[in-house]
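To be precise, the following lines are structure_33.csv, and they hold CSV, C-alpha atoms.
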```
chain,number,residue,atom,x,y,z
A,53,MET,CA,-42.7,22.2,16.9
A,54,GLY,CA,-46.5,21.9,16.6
A,55,SER,CA,-49.4,22.2,18.9
A,56,LYS,CA,-52.0,19.7,19.8
A,57,LEU,CA,-55.5,20.3,20.8
A,58,SER,CA,-56.7,18.0,23.5
A,59,GLY,CA,-59.5,15.6,22.8
A,60,PRO,CA,-63.1,15.7,24.1
A,61,GLY,CA,-62.2,14.4,27.6
A,62,GLY,CA,-59.8,17.2,28.5
A,63,GLN,CA,-61.0,20.4,30.0
A,64,GLY,CA,-63.7,21.3,27.6
A,65,GLY,CA,-61.7,20.5,24.5
A,66,LYS,CA,-60.0,23.9,24.4
A,67,THR,CA,-56.6,23.1,26.0
A,68,ILE,CA,-53.6,23.6,23.8
A,69,GLU,CA,-50.3,21.8,24.6
A,70,GLN,CA,-47.1,21.5,22.7
A,71,ASN,CA,-46.3,18.6,20.5
A,72,ALA,CA,-42.6,17.3,20.6
A,73,ASP,CA,-43.0,14.9,17.7
A,74,ILE,CA,-40.7,15.6,14.7
A,75,ASN,CA,-42.4,16.4,11.4
A,76,VAL,CA,-40.6,14.1,9.0
A,77,THR,CA,-42.5,15.0,5.8
A,78,PRO,CA,-40.1,17.7,4.7
A,79,PHE,CA,-37.2,15.5,5.5
A,80,VAL,CA,-38.6,12.6,3.4
A,81,ASP,CA,-39.3,15.1,0.5
A,82,ILE,CA,-35.7,16.3,0.5
A,83,MET,CA,-34.3,12.8,0.7
A,84,LEU,CA,-36.4,11.7,-2.3
A,85,VAL,CA,-35.2,14.7,-4.3
A,86,LEU,CA,-31.6,13.9,-3.5
A,87,LEU,CA,-32.1,10.3,-4.4
A,88,ILE,CA,-33.4,11.2,-7.8
A,89,ILE,CA,-30.5,13.6,-8.4
A,90,PHE,CA,-28.0,10.9,-7.5
A,91,MET,CA,-29.7,8.3,-9.7
A,92,VAL,CA,-29.6,10.7,-12.7
A,93,ALA,CA,-26.1,11.9,-12.0
A,94,ALA,CA,-24.4,8.6,-11.3
A,95,PRO,CA,-24.4,7.2,-14.9
A,96,LEU,CA,-23.1,10.6,-16.2
A,97,ALA,CA,-20.1,10.4,-13.8
A,98,THR,CA,-18.7,7.2,-15.2
A,99,VAL,CA,-15.9,7.6,-17.7
A,100,SER,CA,-15.0,4.8,-20.0
A,101,ILE,CA,-11.4,4.5,-21.3
A,102,ARG,CA,-10.7,2.1,-24.2
A,103,LEU,CA,-7.8,-0.2,-23.5
A,104,ASP,CA,-6.3,-2.5,-25.9
A,105,LEU,CA,-4.7,-5.2,-23.7
A,106,PRO,CA,-2.7,-8.1,-25.1
A,107,PRO,CA,-4.3,-11.5,-24.6
A,108,ALA,CA,-3.4,-13.3,-21.4
A,109,THR,CA,-1.0,-16.1,-22.0
A,110,PRO,CA,0.1,-18.6,-19.3
A,111,PRO,CA,3.8,-18.6,-18.5
A,112,ASP,CA,6.0,-21.3,-20.0
A,113,PRO,CA,6.2,-24.2,-17.4
A,114,ALA,CA,9.9,-24.6,-18.3
A,115,ASP,CA,10.7,-21.1,-17.1
A,116,LYS,CA,11.3,-21.0,-13.4
A,117,PRO,CA,11.5,-17.6,-11.7
A,118,LYS,CA,14.8,-16.6,-10.4
A,119,GLU,CA,15.5,-16.8,-6.7
A,120,PRO,CA,15.6,-13.3,-5.2
A,121,VAL,CA,18.9,-12.0,-3.8
A,122,TYR,CA,18.8,-11.0,-0.1
A,123,ILE,CA,21.4,-8.7,1.4
A,124,THR,CA,21.4,-9.1,5.2
A,125,ILE,CA,22.9,-6.5,7.5
A,126,GLN,CA,23.7,-7.8,11.0
A,127,GLU,CA,24.0,-5.9,14.2
A,128,THR,CA,27.8,-6.2,14.1
A,129,GLY,CA,27.9,-4.4,10.8
A,130,SER,CA,28.7,-7.5,8.8
A,131,ILE,CA,26.9,-7.9,5.4
A,132,PHE,CA,25.8,-11.2,3.9
A,133,ILE,CA,24.5,-12.1,0.5
A,134,ALA,CA,22.4,-15.2,1.0
A,135,GLU,CA,24.9,-17.2,3.2
A,136,GLN,CA,28.1,-15.6,1.9
A,137,ALA,CA,29.8,-12.9,3.8
A,138,THR,CA,30.9,-9.7,2.0
A,139,THR,CA,32.0,-6.2,2.6
A,140,LEU,CA,31.0,-2.8,1.3
A,141,GLU,CA,33.9,-2.8,-1.1
A,142,THR,CA,33.0,-6.1,-2.7
A,143,LEU,CA,29.2,-5.7,-2.3
A,144,ILE,CA,28.5,-4.8,-5.9
A,145,PRO,CA,30.5,-7.6,-7.6
A,146,ASP,CA,29.1,-10.1,-5.1
A,147,VAL,CA,25.5,-9.0,-5.8
A,148,CYS,CA,26.1,-9.3,-9.6
A,149,ALA,CA,27.6,-12.8,-9.1
A,150,ALA,CA,24.6,-13.8,-7.0
A,151,LEU,CA,22.3,-12.5,-9.7
A,152,GLY,CA,23.8,-14.7,-12.4
A,153,GLY,CA,27.5,-14.3,-13.0
A,154,GLY,CA,28.9,-11.3,-14.9
A,155,ASN,CA,25.6,-10.5,-16.5
A,156,PRO,CA,25.8,-6.8,-17.6
A,157,GLY,CA,22.0,-6.4,-16.9
A,158,CYS,CA,22.4,-7.4,-13.2
A,159,LYS,CA,21.6,-3.8,-12.1
A,160,GLU,CA,18.1,-4.2,-13.6
A,161,GLU,CA,17.2,-7.1,-11.3
A,162,ARG,CA,15.5,-6.6,-8.0
A,163,VAL,CA,17.5,-6.9,-4.8
A,164,PHE,CA,16.1,-7.2,-1.3
A,165,VAL,CA,17.8,-5.7,1.8
A,166,ARG,CA,16.9,-6.7,5.3
A,167,ALA,CA,18.5,-5.7,8.6
A,168,GLN,CA,18.4,-6.9,12.1
A,169,PRO,CA,16.4,-4.6,14.4
A,170,GLU,CA,19.5,-3.5,16.3
A,171,VAL,CA,21.3,-2.3,13.2
A,172,LYS,CA,22.2,1.4,13.3
A,173,TYR,CA,20.6,3.6,10.6
A,174,ASP,CA,24.0,4.7,9.2
A,175,GLN,CA,25.1,1.1,8.7
A,176,PHE,CA,21.9,0.5,6.7
A,177,MET,CA,22.2,3.7,4.7
A,178,GLU,CA,25.8,2.8,3.8
A,179,VAL,CA,24.6,-0.3,2.1
A,180,MET,CA,21.7,1.5,0.4
A,181,ASN,CA,24.0,4.3,-0.9
A,182,ALA,CA,26.5,1.8,-2.2
A,183,LEU,CA,23.8,0.1,-4.1
A,184,GLN,CA,22.3,3.3,-5.5
A,185,GLU,CA,25.7,4.7,-6.5
A,186,GLN,CA,26.3,1.7,-8.6
A,187,GLY,CA,22.9,1.8,-10.4
A,188,PHE,CA,20.8,-0.6,-8.3
A,189,TYR,CA,17.5,1.2,-8.2
A,190,LYS,CA,15.2,-1.8,-7.8
A,191,VAL,CA,15.8,-2.4,-4.1
A,192,GLY,CA,13.1,-3.9,-1.9
A,193,LEU,CA,13.2,-3.5,1.9
A,194,LEU,CA,12.1,-6.4,4.1
A,195,ASN,CA,10.8,-6.1,7.6
A,196,GLU,CA,10.7,-9.1,10.0
A,197,ASP,CA,8.3,-9.1,12.9
A,198,ILE,CA,9.9,-9.0,16.3
A,199,GLU,CA,8.2,-11.3,18.8
```
Could you quickly redo this structure as structure tokens?
Amino acid sequence: MGSKLSGPGGQGGKTIEQNADINVTPFVDIMLVLLIIFMVAAPLATVSIRLDLPPATPPDPADKPKEPVYITIQETGSIFIAEQATTLETLIPDVCAALGGGNPGCKEERVFVRAQPEVKYDQFMEVMNALQEQGFYKVGLLNEDIE
């Protein structure tokens, strides 16, 4: 806070009153110093890592991606793979059949599980546990918006 002497028109020029203006000079000085510090330090903070990536090749147009397998759990507890009904006991063979027959690598494929909003948590976890016990670790969960 500074003081301000009044001009020639005020009470003989000897009146002192307080000045409420902010002195911004020190603030500007500090901001300029910080700006210089950041400008010098920013290039030093970048770290470069050398990556040897293979060249990008477009996919073969003859190769079509596989359709994903959806396991649907309904409120009644019934389980469906696509449109086919199944049970917990036959879930794993039915999933492998839907993924492409008796392929021994069927457990490496991604499977999606979706459940109706009214499905109990234990019903959902029975399906998830059955999949994980048999080696299906690439399981995606789907959520559908309720309107």
Do you know which residues are at most 10 Å from range 137-148 of chain A counting all atoms listed in the file, after dropping those on the same chain fewer than 3 positions away, and could you put them as a PDB file with C-alpha atoms, keeping the file's coordinate frame?
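In the end it all went to result_38.pdb:
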```
ATOM      1  CA  VAL A 121      18.900 -12.000  -3.800  1.00  0.00           C
ATOM      2  CA  TYR A 122      18.800 -11.000  -0.100  1.00  0.00           C
ATOM      3  CA  ILE A 123      21.400  -8.700   1.400  1.00  0.00           C
ATOM      4  CA  THR A 124      21.400  -9.100   5.200  1.00  0.00           C
ATOM      5  CA  GLY A 129      27.900  -4.400  10.800  1.00  0.00           C
ATOM      6  CA  SER A 130      28.700  -7.500   8.800  1.00  0.00           C
ATOM      7  CA  ILE A 131      26.900  -7.900   5.400  1.00  0.00           C
ATOM      8  CA  PHE A 132      25.800 -11.200   3.900  1.00  0.00           C
ATOM      9  CA  ILE A 133      24.500 -12.100   0.500  1.00  0.00           C
ATOM     10  CA  ALA A 134      22.400 -15.200   1.000  1.00  0.00           C
ATOM     11  CA  LEU A 151      22.300 -12.500  -9.700  1.00  0.00           C
ATOM     12  CA  GLY A 152      23.800 -14.700 -12.400  1.00  0.00           C
ATOM     13  CA  GLY A 153      27.500 -14.300 -13.000  1.00  0.00           C
ATOM     14  CA  GLY A 154      28.900 -11.300 -14.900  1.00  0.00           C
ATOM     15  CA  ASN A 155      25.600 -10.500 -16.500  1.00  0.00           C
ATOM     16  CA  PRO A 156      25.800  -6.800 -17.600  1.00  0.00           C
ATOM     17  CA  GLY A 157      22.000  -6.400 -16.900  1.00  0.00           C
ATOM     18  CA  CYS A 158      22.400  -7.400 -13.200  1.00  0.00           C
ATOM     19  CA  LYS A 159      21.600  -3.800 -12.100  1.00  0.00           C
ATOM     20  CA  GLU A 161      17.200  -7.100 -11.300  1.00  0.00           C
ATOM     21  CA  VAL A 163      17.500  -6.900  -4.800  1.00  0.00           C
ATOM     22  CA  GLU A 178      25.800   2.800   3.800  1.00  0.00           C
ATOM     23  CA  VAL A 179      24.600  -0.300   2.100  1.00  0.00           C
ATOM     24  CA  ALA A 182      26.500   1.800  -2.200  1.00  0.00           C
ATOM     25  CA  LEU A 183      23.800   0.100  -4.100  1.00  0.00           C
ATOM     26  CA  GLU A 185      25.700   4.700  -6.500  1.00  0.00           C
ATOM     27  CA  GLN A 186      26.300   1.700  -8.600  1.00  0.00           C
ATOM     28  CA  GLY A 187      22.900   1.800 -10.400  1.00  0.00           C
ATOM     29  CA  PHE A 188      20.800  -0.600  -8.300  1.00  0.00           C
TER      30      PHE A 188
END
```
What gap, in Å, lies between CA of Glu196 in chain A and CA of Met180 in chain A?
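Result for CA of Glu196 in chain A versus CA of Met180 in chain A: 18.0 Å, one decimal.
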Determine the nearest neighbour of Val191 in chain A from the options A:Phe164, A:Ile88, A:Thr109, A:Gln175, counting only C-alpha atoms.
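Among the listed residues, the smallest separation from Val191 in chain A belongs to A:Phe164.
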What is the CA of Leu86 in chain A-CA of Ile74 in chain A distance in Å, reported with one decimal?
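Rounded to one decimal, the two atoms are 20.4 Å apart.
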Around (22.8, -2.4, 8.5) in the file's frame, which residues reach within 7 Å when counting all atoms listed in the file? Return as a list of chain:residue names?
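Residues with an atom close enough to that point: A:Ile125, A:Gln126, A:Glu127, A:Gly129, A:Ala167, A:Val171, A:Lys172, A:Tyr173, A:Gln175, A:Phe176, A:Val179.
Interatomic distance, CA of Ala94 in chain A to CA of Val80 in chain A: 20.8 Å.
Compared by their closest atoms to Lys118 in chain A, and using only C-alpha atoms, the residues A:Leu87, A:Ile82, A:Ala150, A:Glu170 rank with A:Ala150 nearest.
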